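*Asks:* So here's upload.tsv, just TSV, C-alpha atoms:
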```
chain	number	residue	atom	x	y	z
J	1	MET	CA	0.00	0.00	0.00
J	2	SER	CA	1.12	3.61	-0.51
J	3	ASP	CA	2.31	5.86	2.30
J	4	THR	CA	-1.04	7.60	2.58
J	5	SER	CA	-3.02	4.40	2.54
J	6	ASN	CA	-0.77	2.82	5.17
J	7	GLN	CA	-1.30	5.89	7.33
J	8	ASP	CA	-5.06	5.68	6.79
J	9	ALA	CA	-4.97	1.98	7.56
J	10	VAL	CA	-3.22	2.51	10.91
J	11	HIS	CA	-5.74	5.17	11.85
J	12	LEU	CA	-8.71	3.05	10.77
J	13	ILE	CA	-7.57	-0.06	12.64
J	14	ILE	CA	-6.92	1.87	15.86
J	15	GLN	CA	-10.40	3.38	15.59
J	16	GLN	CA	-11.85	-0.13	15.17
J	17	VAL	CA	-10.13	-1.30	18.35
J	18	ILE	CA	-11.50	1.74	20.21
J	19	SER	CA	-15.00	1.16	18.76
J	20	ALA	CA	-14.99	-2.42	20.07
J	21	TRP	CA	-13.89	-1.14	23.49
J	22	ASP	CA	-16.66	1.47	23.54
J	23	ALA	CA	-19.25	-1.09	22.44
J	24	GLN	CA	-18.39	-3.46	25.30
J	25	ASN	CA	-18.47	-0.66	27.86
J	26	LYS	CA	-21.87	0.36	26.55
J	27	GLN	CA	-23.13	-3.18	27.18
J	28	VAL	CA	-22.00	-2.95	30.80
J	29	THR	CA	-23.55	0.50	31.25
J	30	GLY	CA	-26.83	-0.76	29.77
J	31	PHE	CA	-26.84	-3.80	32.02
J	32	PHE	CA	-26.45	-1.72	35.19
J	33	ASP	CA	-29.18	0.69	34.08
J	34	LYS	CA	-31.77	-2.07	33.76
J	35	TYR	CA	-32.79	-2.60	37.39
J	36	ASP	CA	-32.92	-0.78	40.70
J	37	ASP	CA	-29.51	-0.56	42.35
J	38	GLU	CA	-30.34	-3.08	45.09
J	39	ALA	CA	-31.05	-5.82	42.53
J	40	TYR	CA	-27.32	-5.92	41.75
J	41	LEU	CA	-26.50	-7.06	45.27
J	42	GLN	CA	-27.45	-10.57	44.15
J	43	PRO	CA	-25.01	-13.10	42.65
J	44	VAL	CA	-25.06	-13.52	38.86
J	45	ALA	CA	-25.45	-17.31	39.30
J	46	ALA	CA	-25.71	-19.58	42.33
J	47	GLY	CA	-22.49	-19.39	44.34
J	48	ARG	CA	-20.88	-16.90	41.96
J	49	ASN	CA	-19.86	-13.24	42.23
J	50	ARG	CA	-22.47	-10.63	42.96
J	51	ALA	CA	-23.24	-8.29	40.05
J	52	VAL	CA	-22.05	-5.35	42.19
J	53	TYR	CA	-18.69	-7.09	42.66
J	54	LEU	CA	-18.28	-7.54	38.91
J	55	LEU	CA	-19.11	-3.86	38.39
J	56	GLY	CA	-16.46	-2.89	40.96
J	57	HIS	CA	-14.03	-5.31	39.32
J	58	LEU	CA	-14.59	-3.77	35.89
J	59	VAL	CA	-14.22	-0.24	37.28
J	60	ALA	CA	-10.98	-1.24	39.04
J	61	VAL	CA	-9.57	-2.79	35.85
J	62	SER	CA	-10.45	0.26	33.75
J	63	ASP	CA	-9.10	2.57	36.45
J	64	GLY	CA	-5.87	0.56	36.43
J	65	MET	CA	-5.54	1.24	32.70
J	66	LEU	CA	-4.94	4.94	33.41
J	67	PRO	CA	-1.43	4.42	34.86
J	68	ILE	CA	-0.68	1.38	32.66
J	69	MET	CA	-1.28	3.52	29.59
J	70	GLY	CA	0.65	6.43	31.06
J	71	ILE	CA	-2.40	8.70	31.13
J	72	THR	CA	-2.64	9.57	34.82
J	73	GLU	CA	-2.69	7.94	38.26
J	74	SER	CA	-5.69	5.75	39.09
J	75	LEU	CA	-8.69	7.82	40.16
J	76	TYR	CA	-9.89	5.20	42.69
J	77	PRO	CA	-6.83	3.18	43.81
J	78	GLU	CA	-8.77	1.94	46.86
J	79	LEU	CA	-10.83	-0.30	44.55
J	80	GLU	CA	-7.83	-2.53	43.83
J	81	SER	CA	-7.77	-4.26	47.23
J	82	ILE	CA	-11.56	-4.71	47.21
J	83	PHE	CA	-12.21	-5.82	43.64
J	84	LEU	CA	-8.92	-7.07	42.21
J	85	THR	CA	-6.87	-8.70	44.93
J	86	SER	CA	-9.81	-9.88	47.11
J	87	PRO	CA	-12.59	-12.22	46.07
J	88	ASP	CA	-16.23	-11.22	46.46
J	89	GLY	CA	-17.30	-11.32	50.10
J	90	ALA	CA	-13.81	-10.88	51.56
J	91	VAL	CA	-14.27	-7.14	52.15
J	92	ALA	CA	-17.40	-6.34	54.19
J	93	GLU	CA	-17.76	-2.65	53.30
J	94	ILE	CA	-17.76	-1.98	49.58
J	95	PRO	CA	-18.81	1.11	47.60
J	96	SER	CA	-22.50	1.34	46.67
J	97	VAL	CA	-23.80	0.43	43.20
J	98	SER	CA	-24.64	4.08	42.67
J	99	ASP	CA	-21.08	5.19	43.51
J	100	LEU	CA	-19.57	2.46	41.33
J	101	LYS	CA	-21.77	3.48	38.40
J	102	ARG	CA	-20.50	7.05	38.80
J	103	TYR	CA	-16.87	5.86	38.95
J	104	TRP	CA	-17.49	3.72	35.85
J	105	GLN	CA	-18.62	6.74	33.85
J	106	GLU	CA	-15.81	8.91	35.19
J	107	VAL	CA	-13.01	6.45	34.52
J	108	ASN	CA	-14.31	5.63	31.04
J	109	ALA	CA	-14.65	9.32	30.18
J	110	LYS	CA	-11.05	9.89	31.29
J	111	LEU	CA	-9.85	6.99	29.12
J	112	SER	CA	-11.92	8.03	26.09
J	113	GLY	CA	-10.67	11.59	26.28
J	114	ALA	CA	-7.08	10.42	26.38
J	115	PHE	CA	-7.66	7.94	23.52
J	116	GLN	CA	-8.93	10.75	21.31
J	117	ASN	CA	-5.68	12.67	21.81
J	118	MET	CA	-3.36	9.73	21.14
J	119	GLN	CA	-1.51	9.58	17.85
J	120	PRO	CA	-0.81	6.24	16.09
J	121	GLN	CA	2.79	6.19	17.36
J	122	ASP	CA	1.55	6.68	20.95
J	123	TRP	CA	-0.56	3.52	20.67
J	124	LEU	CA	2.47	1.51	19.65
J	125	GLU	CA	4.62	2.66	22.57
J	126	ARG	CA	5.30	0.24	25.38
J	127	HIS	CA	2.83	0.31	28.24
J	128	THR	CA	4.21	1.13	31.70
J	129	ARG	CA	4.14	-2.44	33.02
J	130	VAL	CA	6.64	-3.78	30.51
J	131	SER	CA	10.38	-3.00	30.66
J	132	GLU	CA	12.19	-1.48	27.69
J	133	GLU	CA	14.18	-4.69	27.45
J	134	ASP	CA	11.11	-6.93	27.25
J	135	PHE	CA	9.40	-4.53	24.87
J	136	VAL	CA	12.23	-4.83	22.38
J	137	LYS	CA	11.65	-8.60	22.40
J	138	ASN	CA	7.91	-8.25	21.89
J	139	ARG	CA	6.57	-5.05	20.37
J	140	GLN	CA	3.00	-6.33	20.80
J	141	ARG	CA	3.28	-5.29	24.46
J	142	ASN	CA	2.14	-1.80	23.55
J	143	LYS	CA	-0.72	0.42	24.68
J	144	LEU	CA	-3.07	-0.76	21.97
J	145	ASN	CA	-2.76	-4.30	23.30
J	146	ILE	CA	-3.98	-3.14	26.70
J	147	VAL	CA	-7.22	-1.97	25.08
J	148	ILE	CA	-7.58	-5.15	22.98
J	149	ASN	CA	-7.09	-7.34	26.06
J	150	ARG	CA	-9.26	-5.29	28.37
J	151	THR	CA	-12.08	-5.31	25.81
J	152	ASN	CA	-11.98	-9.10	25.87
J	153	HIS	CA	-11.91	-9.00	29.66
J	154	THR	CA	-15.09	-6.90	29.68
J	155	SER	CA	-16.79	-9.31	27.24
J	156	TYR	CA	-15.80	-12.21	29.48
J	157	HIS	CA	-17.60	-10.72	32.47
J	158	MET	CA	-20.47	-9.45	30.32
J	159	GLY	CA	-21.17	-13.09	29.46
J	160	GLN	CA	-21.43	-13.78	33.19
J	161	LEU	CA	-23.53	-10.68	33.91
J	162	ASN	CA	-26.04	-11.85	31.33
J	163	PHE	CA	-26.69	-14.91	33.51
J	164	PHE	CA	-28.06	-12.57	36.16
J	165	LYS	CA	-31.75	-12.81	36.96
J	166	ALA	CA	-33.21	-9.93	38.95
J	167	VAL	CA	-35.39	-11.19	41.82
K	1	MET	CA	5.39	8.23	10.92
K	2	SER	CA	7.41	7.32	7.84
K	3	ASP	CA	6.15	5.05	5.09
K	4	THR	CA	8.10	2.08	6.42
K	5	SER	CA	6.98	2.61	9.98
K	6	ASN	CA	3.32	2.97	8.93
K	7	GLN	CA	3.64	-0.27	7.02
K	8	ASP	CA	5.25	-1.95	10.04
K	9	ALA	CA	2.53	-0.53	12.28
K	10	VAL	CA	-0.26	-1.99	10.12
K	11	HIS	CA	1.43	-5.37	10.14
K	12	LEU	CA	2.05	-5.27	13.90
K	13	ILE	CA	-1.51	-4.27	14.79
K	14	ILE	CA	-3.03	-6.97	12.57
K	15	GLN	CA	-0.77	-9.52	14.25
K	16	GLN	CA	-1.95	-8.31	17.65
K	17	VAL	CA	-5.58	-8.79	16.67
K	18	ILE	CA	-4.77	-12.32	15.45
K	19	SER	CA	-2.81	-13.07	18.66
K	20	ALA	CA	-5.82	-12.09	20.77
K	21	TRP	CA	-8.03	-14.34	18.63
K	22	ASP	CA	-5.61	-17.26	19.00
K	23	ALA	CA	-5.36	-16.72	22.76
K	24	GLN	CA	-9.13	-16.87	23.24
K	25	ASN	CA	-9.43	-19.99	21.12
K	26	LYS	CA	-6.71	-21.59	23.19
K	27	GLN	CA	-8.75	-20.93	26.33
K	28	VAL	CA	-11.71	-22.74	24.81
K	29	THR	CA	-9.56	-25.66	23.68
K	30	GLY	CA	-8.03	-25.91	27.15
K	31	PHE	CA	-11.44	-25.83	28.80
K	32	PHE	CA	-12.76	-28.72	26.71
K	33	ASP	CA	-9.63	-30.76	27.35
K	34	LYS	CA	-10.06	-30.64	31.13
K	35	TYR	CA	-12.72	-33.29	31.70
K	36	ASP	CA	-14.11	-36.44	30.13
K	37	ASP	CA	-16.41	-35.69	27.21
K	38	GLU	CA	-19.59	-36.65	29.05
K	39	ALA	CA	-18.98	-33.99	31.73
K	40	TYR	CA	-19.73	-31.32	29.13
K	41	LEU	CA	-23.29	-32.56	28.72
K	42	GLN	CA	-24.13	-30.60	31.89
K	43	PRO	CA	-25.29	-26.95	31.91
K	44	VAL	CA	-22.67	-24.33	32.77
K	45	ALA	CA	-25.00	-22.90	35.45
K	46	ALA	CA	-28.48	-23.85	36.68
K	47	GLY	CA	-30.99	-23.42	33.87
K	48	ARG	CA	-28.36	-22.24	31.39
K	49	ASN	CA	-26.83	-23.69	28.22
K	50	ARG	CA	-24.99	-26.97	28.38
K	51	ALA	CA	-21.23	-26.70	27.85
K	52	VAL	CA	-21.57	-28.91	24.74
K	53	TYR	CA	-24.07	-26.43	23.29
K	54	LEU	CA	-21.66	-23.54	23.84
K	55	LEU	CA	-18.91	-25.55	22.14
K	56	GLY	CA	-21.18	-26.21	19.16
K	57	HIS	CA	-22.17	-22.54	19.14
K	58	LEU	CA	-18.54	-21.42	19.06
K	59	VAL	CA	-17.70	-23.90	16.28
K	60	ALA	CA	-20.70	-22.70	14.26
K	61	VAL	CA	-19.69	-19.05	14.67
K	62	SER	CA	-16.09	-19.73	13.65
K	63	ASP	CA	-17.26	-21.89	10.76
K	64	GLY	CA	-19.51	-19.03	9.65
K	65	MET	CA	-16.45	-16.77	9.50
K	66	LEU	CA	-15.08	-18.78	6.55
K	67	PRO	CA	-17.67	-17.46	4.05
K	68	ILE	CA	-18.02	-14.07	5.78
K	69	MET	CA	-14.30	-13.51	5.29
K	70	GLY	CA	-14.39	-14.85	1.75
K	71	ILE	CA	-12.13	-17.79	2.55
K	72	THR	CA	-14.32	-20.75	1.61
K	73	GLU	CA	-17.78	-22.17	2.22
K	74	SER	CA	-18.61	-23.29	5.77
K	75	LEU	CA	-17.21	-26.74	6.52
K	76	TYR	CA	-20.17	-27.71	8.75
K	77	PRO	CA	-23.20	-25.71	7.60
K	78	GLU	CA	-25.51	-28.14	9.41
K	79	LEU	CA	-24.35	-26.67	12.73
K	80	GLU	CA	-26.10	-23.37	12.04
K	81	SER	CA	-29.65	-24.64	12.63
K	82	ILE	CA	-28.59	-26.55	15.75
K	83	PHE	CA	-26.32	-24.05	17.48
K	84	LEU	CA	-27.09	-20.62	16.03
K	85	THR	CA	-30.77	-20.39	15.18
K	86	SER	CA	-32.04	-22.88	17.81
K	87	PRO	CA	-31.65	-22.58	21.57
K	88	ASP	CA	-30.10	-25.41	23.57
K	89	GLY	CA	-32.50	-28.32	23.90
K	90	ALA	CA	-34.56	-27.52	20.81
K	91	VAL	CA	-32.71	-30.07	18.66
K	92	ALA	CA	-32.69	-33.56	20.17
K	93	GLU	CA	-29.82	-35.08	18.19
K	94	ILE	CA	-26.67	-33.00	18.28
K	95	PRO	CA	-23.07	-33.90	17.36
K	96	SER	CA	-20.97	-35.49	20.10
K	97	VAL	CA	-18.45	-33.52	22.17
K	98	SER	CA	-15.69	-35.48	20.52
K	99	ASP	CA	-16.92	-34.59	17.00
K	100	LEU	CA	-17.35	-30.94	17.95
K	101	LYS	CA	-13.83	-30.82	19.37
K	102	ARG	CA	-12.54	-32.15	16.06
K	103	TYR	CA	-14.58	-29.60	14.08
K	104	TRP	CA	-13.28	-26.84	16.37
K	105	GLN	CA	-9.67	-27.73	15.55
K	106	GLU	CA	-10.40	-28.11	11.85
K	107	VAL	CA	-12.27	-24.83	11.45
K	108	ASN	CA	-9.68	-22.90	13.45
K	109	ALA	CA	-6.84	-24.42	11.45
K	110	LYS	CA	-8.59	-23.38	8.24
K	111	LEU	CA	-9.02	-19.82	9.53
K	112	SER	CA	-5.46	-19.58	10.84
K	113	GLY	CA	-4.00	-20.81	7.57
K	114	ALA	CA	-5.98	-18.23	5.62
K	115	PHE	CA	-5.05	-15.44	8.06
K	116	GLN	CA	-1.36	-16.15	7.52
K	117	ASN	CA	-1.77	-15.61	3.79
K	118	MET	CA	-3.73	-12.37	4.04
K	119	GLN	CA	-2.01	-9.09	3.24
K	120	PRO	CA	-2.83	-5.87	5.13
K	121	GLN	CA	-5.05	-4.62	2.31
K	122	ASP	CA	-7.02	-7.91	2.38
K	123	TRP	CA	-7.89	-7.32	6.04
K	124	LEU	CA	-9.31	-3.92	5.24
K	125	GLU	CA	-11.57	-5.16	2.46
K	126	ARG	CA	-15.29	-5.38	3.12
K	127	HIS	CA	-16.54	-8.66	4.48
K	128	THR	CA	-19.12	-10.54	2.43
K	129	ARG	CA	-22.11	-9.62	4.61
K	130	VAL	CA	-21.88	-5.90	3.97
K	131	SER	CA	-22.84	-4.27	0.65
K	132	GLU	CA	-20.38	-2.07	-1.27
K	133	GLU	CA	-22.72	0.83	-0.64
K	134	ASP	CA	-22.77	0.36	3.15
K	135	PHE	CA	-19.04	-0.29	3.21
K	136	VAL	CA	-18.32	3.09	1.64
K	137	LYS	CA	-20.26	4.66	4.52
K	138	ASN	CA	-18.39	2.69	7.17
K	139	ARG	CA	-14.98	1.27	6.33
K	140	GLN	CA	-14.80	-0.37	9.74
K	141	ARG	CA	-17.04	-3.11	8.35
K	142	ASN	CA	-14.00	-4.94	7.06
K	143	LYS	CA	-12.58	-8.43	7.59
K	144	LEU	CA	-10.42	-7.41	10.51
K	145	ASN	CA	-13.52	-6.29	12.37
K	146	ILE	CA	-14.99	-9.77	12.05
K	147	VAL	CA	-11.99	-11.15	13.94
K	148	ILE	CA	-12.12	-8.39	16.58
K	149	ASN	CA	-15.83	-8.98	17.18
K	150	ARG	CA	-15.63	-12.76	17.16
K	151	THR	CA	-12.75	-12.68	19.64
K	152	ASN	CA	-14.98	-10.74	22.02
K	153	HIS	CA	-17.77	-13.21	21.35
K	154	THR	CA	-15.50	-16.09	22.35
K	155	SER	CA	-14.45	-14.25	25.55
K	156	TYR	CA	-18.11	-13.66	26.36
K	157	HIS	CA	-18.88	-17.38	26.31
K	158	MET	CA	-15.56	-18.26	27.95
K	159	GLY	CA	-16.74	-16.24	30.96
K	160	GLN	CA	-19.82	-18.46	31.06
K	161	LEU	CA	-17.88	-21.69	30.52
K	162	ASN	CA	-15.75	-20.83	33.53
K	163	PHE	CA	-18.90	-21.07	35.69
K	164	PHE	CA	-19.08	-24.74	34.79
K	165	LYS	CA	-18.55	-27.24	37.59
K	166	ALA	CA	-17.90	-30.82	36.53
K	167	VAL	CA	-20.00	-33.26	38.55
```
Could you express the structure from this file as C-alpha cells?

*Replies:*
Amino acid sequence: MSDTSNQDAVHLIIQQVISAWDAQNKQVTGFFDKYDDEAYLQPVAAGRNRAVYLLGHLVAVSDGMLPIMGITESLYPELESIFLTSPDGAVAEIPSVSDLKRYWQEVNAKLSGAFQNMQPQDWLERHTRVSEEDFVKNRQRNKLNIVINRTNHTSYHMGQLNFFKAV
Amino acid sequence: MSDTSNQDAVHLIIQQVISAWDAQNKQVTGFFDKYDDEAYLQPVAAGRNRAVYLLGHLVAVSDGMLPIMGITESLYPELESIFLTSPDGAVAEIPSVSDLKRYWQEVNAKLSGAFQNMQPQDWLERHTRVSEEDFVKNRQRNKLNIVINRTNHTSYHMGQLNFFKAV
C-alpha cells in the first residue's frame, strides 16, 4: 500500500479497536441501568460473584488502565484491594452500586478523552508495566494491546452478567 | 510516521488482533480438554446452556467466518440450525463432544492458515455480509472487524464456561 493508505490503515484499525472497546463498555452500562440498584447485590449465578462485585471489578480494571497507559494515576486506587486482589465477600464494606456506576462513567470518560488525543505512534509505545528490554523482544506489548485485552476482559464478564436474573 | 513505519505498524496491529483471537481460542480448547467428554453434557450454570451447546455454538460461529471472510464455504453448515438459530434443547440429536472438538480444531486451522496468507489490504476489504454501498459509509465493516468482534464473542462465552462445575 502507498504511504497515505498505510497511514489511513493505521488510523482506521486503531479506531476499530476503540470502537470495540466502547461497544463493550456500553453493554455494561446498559446492564447496570436495567434494574434498581439493590437488585445488583445478588449473585449472577448460584455461588458466583455478585453483580455489584463484577461492576467494581470492571471499574478497578479500567481505572488501572490509566497508569498502565501512562495517562494519569488511578482515580480510585482503593478499589484494587476490594475488587482485584480480594474475592467477592472478603471485604465487608464496599462502595454502593450508585457510587460504582459514577466511577465507571468517570473512569471511562477519562480513558476516552485520552484515547482521542493519542496519535498512532503513541498507541504503539510500550505500556508502563513492561520494561524497555522486554518490549524490544515483543513489540506487541504496547498500549493498543492493553485496550484489545481489556475489551476481551469486559466481554468475558459481560457473558457472566447476562446470567443474572433480577429477583 | 514514515512510510516504512506505517507499514510496520499496520502489520504489527493486525498480528496483535490475530494473537488475541488465537489466545481466546486456546482458552476454549483448554477448557474442553479438562474433563471427560460426558462432563460437558451438563449446563454451565443452573438453567443455562450446556457446555456442549456452547462448544457447538462457538464452532458454528467460527465456521460461519469462513464465508463471511471470503475464505471458503462453511465446513459444517448443518451446525447453524442446531447451534445458532435454535436454543439449547430444541434439537434432540446433536453432534458429540468429541466430533465438535474435532470440528473446532479443523475450522480454526482453516481460519489460521488463511489469516497467515492475508495481506494488510485484504484485512481492510469489506466482508461478504456488507454491501459495497454500506461499506463506503463505514470502512470499519472490514474483515479485521470480524476477527475483533468474534474474539470478544469467544471471551463472552468463555466467561460463562468458567462457571461450569464438573459433577

*Asks:* Produce a table with one row for each residue of chain K that has an atom at most 9 Å from any atom of chain J, each row naming the nearest atom pair and its distance in Å at one decimal; use all atoms listed in the file; arrange rows by chain and rising residue number; format as CSV.

*Replies:*
```
residue,atom,partner,partner_atom,distance
K:Met1,CA,J:Gln121,CA,7.2
K:Ser2,CA,J:Asp3,CA,7.7
K:Asp3,CA,J:Asp3,CA,4.8
K:Thr4,CA,J:Asp3,CA,8.0
K:Asn6,CA,J:Asn6,CA,5.6
K:Gln7,CA,J:Asn6,CA,5.7
K:Ala9,CA,J:Val10,CA,6.6
K:Val10,CA,J:Val10,CA,5.4
K:Leu12,CA,J:Gln140,CA,7.0
K:Ile13,CA,J:Ile13,CA,7.7
K:Ile14,CA,J:Ile13,CA,8.3
K:Gln15,CA,J:Gln140,CA,8.2
K:Gln16,CA,J:Gln140,CA,6.2
K:Val17,CA,J:Ile148,CA,7.6
K:Ala20,CA,J:Asn149,CA,7.2
K:Gln24,CA,J:Asn152,CA,8.7
K:Ala45,CA,J:Ala45,CA,6.8
K:Ala46,CA,J:Ala46,CA,7.6
K:Arg48,CA,J:Phe163,CA,7.8
K:Pro120,CA,J:Met1,CA,8.3
K:Gln121,CA,J:Met1,CA,7.2
K:Leu124,CA,J:Ala9,CA,7.7
K:Arg139,CA,J:Leu12,CA,7.9
K:Gln140,CA,J:Gln16,CA,6.2
K:Leu144,CA,J:Ile13,CA,8.2
K:Asn145,CA,J:Gln16,CA,7.0
K:Ile148,CA,J:Ala20,CA,7.5
K:Asn149,CA,J:Ala20,CA,7.2
K:Thr151,CA,J:Asn152,CA,7.2
K:Asn152,CA,J:Asn152,CA,5.1
K:His153,CA,J:Ser155,CA,7.1
K:Thr154,CA,J:Tyr156,CA,8.1
K:Ser155,CA,J:Tyr156,CA,4.6
K:Tyr156,CA,J:Tyr156,CA,4.1
K:His157,CA,J:Gly159,CA,5.8
K:Met158,CA,J:Tyr156,CA,6.2
K:Gly159,CA,J:Tyr156,CA,4.4
K:Gln160,CA,J:Gln160,CA,5.4
K:Phe163,CA,J:Arg48,CA,7.8
```

*Asks:* With a distance cut-off of 9 Å and only C-alpha atoms, select the neighbouring residues of Ala51 of chain K, excluding the residue or stretch itself and same-chain residues fewer than 5 positions from it, and output the selection as a ChimeraX atom specification.

*Replies:* /K:32,39-44,56,160-161,164

*Asks:* Considering only C-alpha atoms, return as an mmCIF file with C-alpha atoms, in the coordinates of the input whatever protein or nucleic-acid residues lie within 12 Å of Pro95 of chain J, sequence-local ones (same chain, fewer than 5 positions apart) excluded.

*Replies:*
```
data_model
loop_
_atom_site.group_PDB
_atom_site.id
_atom_site.type_symbol
_atom_site.label_atom_id
_atom_site.label_comp_id
_atom_site.auth_asym_id
_atom_site.auth_seq_id
_atom_site.Cartn_x
_atom_site.Cartn_y
_atom_site.Cartn_z
ATOM 1 C CA LEU J 41 -26.500 -7.060 45.270
ATOM 2 C CA VAL J 52 -22.050 -5.350 42.190
ATOM 3 C CA TYR J 53 -18.690 -7.090 42.660
ATOM 4 C CA LEU J 55 -19.110 -3.860 38.390
ATOM 5 C CA GLY J 56 -16.460 -2.890 40.960
ATOM 6 C CA HIS J 57 -14.030 -5.310 39.320
ATOM 7 C CA VAL J 59 -14.220 -0.240 37.280
ATOM 8 C CA ALA J 60 -10.980 -1.240 39.040
ATOM 9 C CA TYR J 76 -9.890 5.200 42.690
ATOM 10 C CA GLU J 78 -8.770 1.940 46.860
ATOM 11 C CA LEU J 79 -10.830 -0.300 44.550
ATOM 12 C CA ILE J 82 -11.560 -4.710 47.210
ATOM 13 C CA PHE J 83 -12.210 -5.820 43.640
ATOM 14 C CA LEU J 100 -19.570 2.460 41.330
ATOM 15 C CA LYS J 101 -21.770 3.480 38.400
ATOM 16 C CA ARG J 102 -20.500 7.050 38.800
ATOM 17 C CA TYR J 103 -16.870 5.860 38.950
#
```

*Asks:* May I ask for the distance between atom CA of Arg150 of chain K and atom CA of Leu66 of chain K, given in Å to one decimal place?

*Replies:*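 That distance, rounded to one decimal, is 12.2 Å.
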
*Asks:* Which residue gives the smallest distance to Lys143 of chain K among K:Met69, K:Val91, K:Val28, K:Ala114, with all atoms listed in the file counted?

*Replies:* K:Met69

*Asks:* K:Val107, K:Ile18, K:Val130, K:Val97: which is nearest Ser62 of chain K, counting all atoms listed in the file?

*Replies:* K:Val107

*Asks:* Find the distance between atom CA of Gln105 of chain J and atom CA of Ser81 of chain J and write it in Å to one decimal.

*Replies:*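 Result for atom CA of Gln105 of chain J versus atom CA of Ser81 of chain J: 20.4 Å, one decimal.
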
*Asks:* Choose the residue, out of K:Tyr35, K:Phe135, K:Phe115, K:Trp104, that has the smallest atom-to-atom separation from Val167 of chain K; count only C-alpha atoms.

*Replies:*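 Of K:Tyr35, K:Phe135, K:Phe115, K:Trp104, the one nearest Val167 of chain K, counting only C-alpha atoms, is K:Tyr35.
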
*Asks:* So what do you get for atom CA of Arg50 of chain K versus atom CA of Pro87 of chain J, distance-wise?

*Replies:*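 Between these atoms lies a distance of 26.2 Å.
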
*Asks:* So, with only C-alpha atoms as the atoms that count, which of J:Ile71, J:Leu58, J:Leu84, J:Asn49 lies closest to Gln116 of chain J?

*Replies:* J:Ile71

*Asks:* Mind giving me the axis-aligned box for segment 127-142 of chain K with 3 Å on every side, centre plus edges in Å to one decimal, as lines of an AutoDock Vina configuration file?

*Replies:*
```
center_x = -18.4
center_y = -2.9
center_z = 4.2
size_x = 14.8
size_y = 21.2
size_z = 17.0
```

*Asks:* Can you work out which one of K:Leu54, K:Asp22, K:Thr128, K:Pro67 has the shortest atom-to-atom distance to Gly89 of chain K, counting all atoms listed in the file?

*Replies:*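 Among the listed residues, K:Leu54 lies closest to Gly89 of chain K.
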
*Asks:* Supply segment 53-69 of chain J as a PDB file, in the frame of the given file, with N, CA and C atoms built in where the input has gaps.

*Replies:*
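Output below, filename rebuild-v7.pdb:
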```
ATOM      1  N   TYR J  53     -20.131  -6.792  42.614  1.00  0.00           N
ATOM      2  CA  TYR J  53     -18.690  -7.090  42.660  1.00  0.00           C
ATOM      3  C   TYR J  53     -18.089  -7.023  41.250  1.00  0.00           C
ATOM      4  N   LEU J  54     -18.809  -7.579  40.285  1.00  0.00           N
ATOM      5  CA  LEU J  54     -18.280  -7.540  38.910  1.00  0.00           C
ATOM      6  C   LEU J  54     -18.211  -6.105  38.393  1.00  0.00           C
ATOM      7  N   LEU J  55     -19.174  -5.271  38.780  1.00  0.00           N
ATOM      8  CA  LEU J  55     -19.110  -3.860  38.390  1.00  0.00           C
ATOM      9  C   LEU J  55     -17.851  -3.212  38.996  1.00  0.00           C
ATOM     10  N   GLY J  56     -17.651  -3.438  40.296  1.00  0.00           N
ATOM     11  CA  GLY J  56     -16.460  -2.890  40.960  1.00  0.00           C
ATOM     12  C   GLY J  56     -15.182  -3.415  40.325  1.00  0.00           C
ATOM     13  N   HIS J  57     -15.188  -4.684  39.970  1.00  0.00           N
ATOM     14  CA  HIS J  57     -14.030  -5.310  39.320  1.00  0.00           C
ATOM     15  C   HIS J  57     -13.746  -4.648  37.964  1.00  0.00           C
ATOM     16  N   LEU J  58     -14.781  -4.416  37.194  1.00  0.00           N
ATOM     17  CA  LEU J  58     -14.590  -3.770  35.890  1.00  0.00           C
ATOM     18  C   LEU J  58     -14.124  -2.326  36.041  1.00  0.00           C
ATOM     19  N   VAL J  59     -14.680  -1.617  37.036  1.00  0.00           N
ATOM     20  CA  VAL J  59     -14.220  -0.240  37.280  1.00  0.00           C
ATOM     21  C   VAL J  59     -12.740  -0.260  37.662  1.00  0.00           C
ATOM     22  N   ALA J  60     -12.374  -1.172  38.565  1.00  0.00           N
ATOM     23  CA  ALA J  60     -10.980  -1.240  39.040  1.00  0.00           C
ATOM     24  C   ALA J  60     -10.025  -1.551  37.893  1.00  0.00           C
ATOM     25  N   VAL J  61     -10.433  -2.447  36.998  1.00  0.00           N
ATOM     26  CA  VAL J  61      -9.570  -2.790  35.850  1.00  0.00           C
ATOM     27  C   VAL J  61      -9.425  -1.595  34.914  1.00  0.00           C
ATOM     28  N   SER J  62     -10.526  -0.920  34.626  1.00  0.00           N
ATOM     29  CA  SER J  62     -10.450   0.260  33.750  1.00  0.00           C
ATOM     30  C   SER J  62      -9.635   1.360  34.412  1.00  0.00           C
ATOM     31  N   ASP J  63      -9.841   1.543  35.715  1.00  0.00           N
ATOM     32  CA  ASP J  63      -9.100   2.570  36.450  1.00  0.00           C
ATOM     33  C   ASP J  63      -7.591   2.259  36.414  1.00  0.00           C
ATOM     34  N   GLY J  64      -7.266   0.988  36.494  1.00  0.00           N
ATOM     35  CA  GLY J  64      -5.870   0.560  36.430  1.00  0.00           C
ATOM     36  C   GLY J  64      -5.233   0.809  35.071  1.00  0.00           C
ATOM     37  N   MET J  65      -6.072   0.953  34.039  1.00  0.00           N
ATOM     38  CA  MET J  65      -5.540   1.240  32.700  1.00  0.00           C
ATOM     39  C   MET J  65      -4.936   2.641  32.632  1.00  0.00           C
ATOM     40  N   LEU J  66      -5.435   3.555  33.462  1.00  0.00           N
ATOM     41  CA  LEU J  66      -4.940   4.940  33.410  1.00  0.00           C
ATOM     42  C   LEU J  66      -3.422   5.003  33.628  1.00  0.00           C
ATOM     43  N   PRO J  67      -2.892   4.424  34.724  1.00  0.00           N
ATOM     44  CA  PRO J  67      -1.430   4.420  34.860  1.00  0.00           C
ATOM     45  C   PRO J  67      -0.734   3.482  33.866  1.00  0.00           C
ATOM     46  N   ILE J  68      -1.337   2.329  33.575  1.00  0.00           N
ATOM     47  CA  ILE J  68      -0.680   1.380  32.660  1.00  0.00           C
ATOM     48  C   ILE J  68      -0.456   2.027  31.296  1.00  0.00           C
ATOM     49  N   MET J  69      -1.405   2.869  30.886  1.00  0.00           N
ATOM     50  CA  MET J  69      -1.280   3.520  29.590  1.00  0.00           C
ATOM     51  C   MET J  69      -0.583   4.876  29.689  1.00  0.00           C
TER      52      MET J  69
END
```
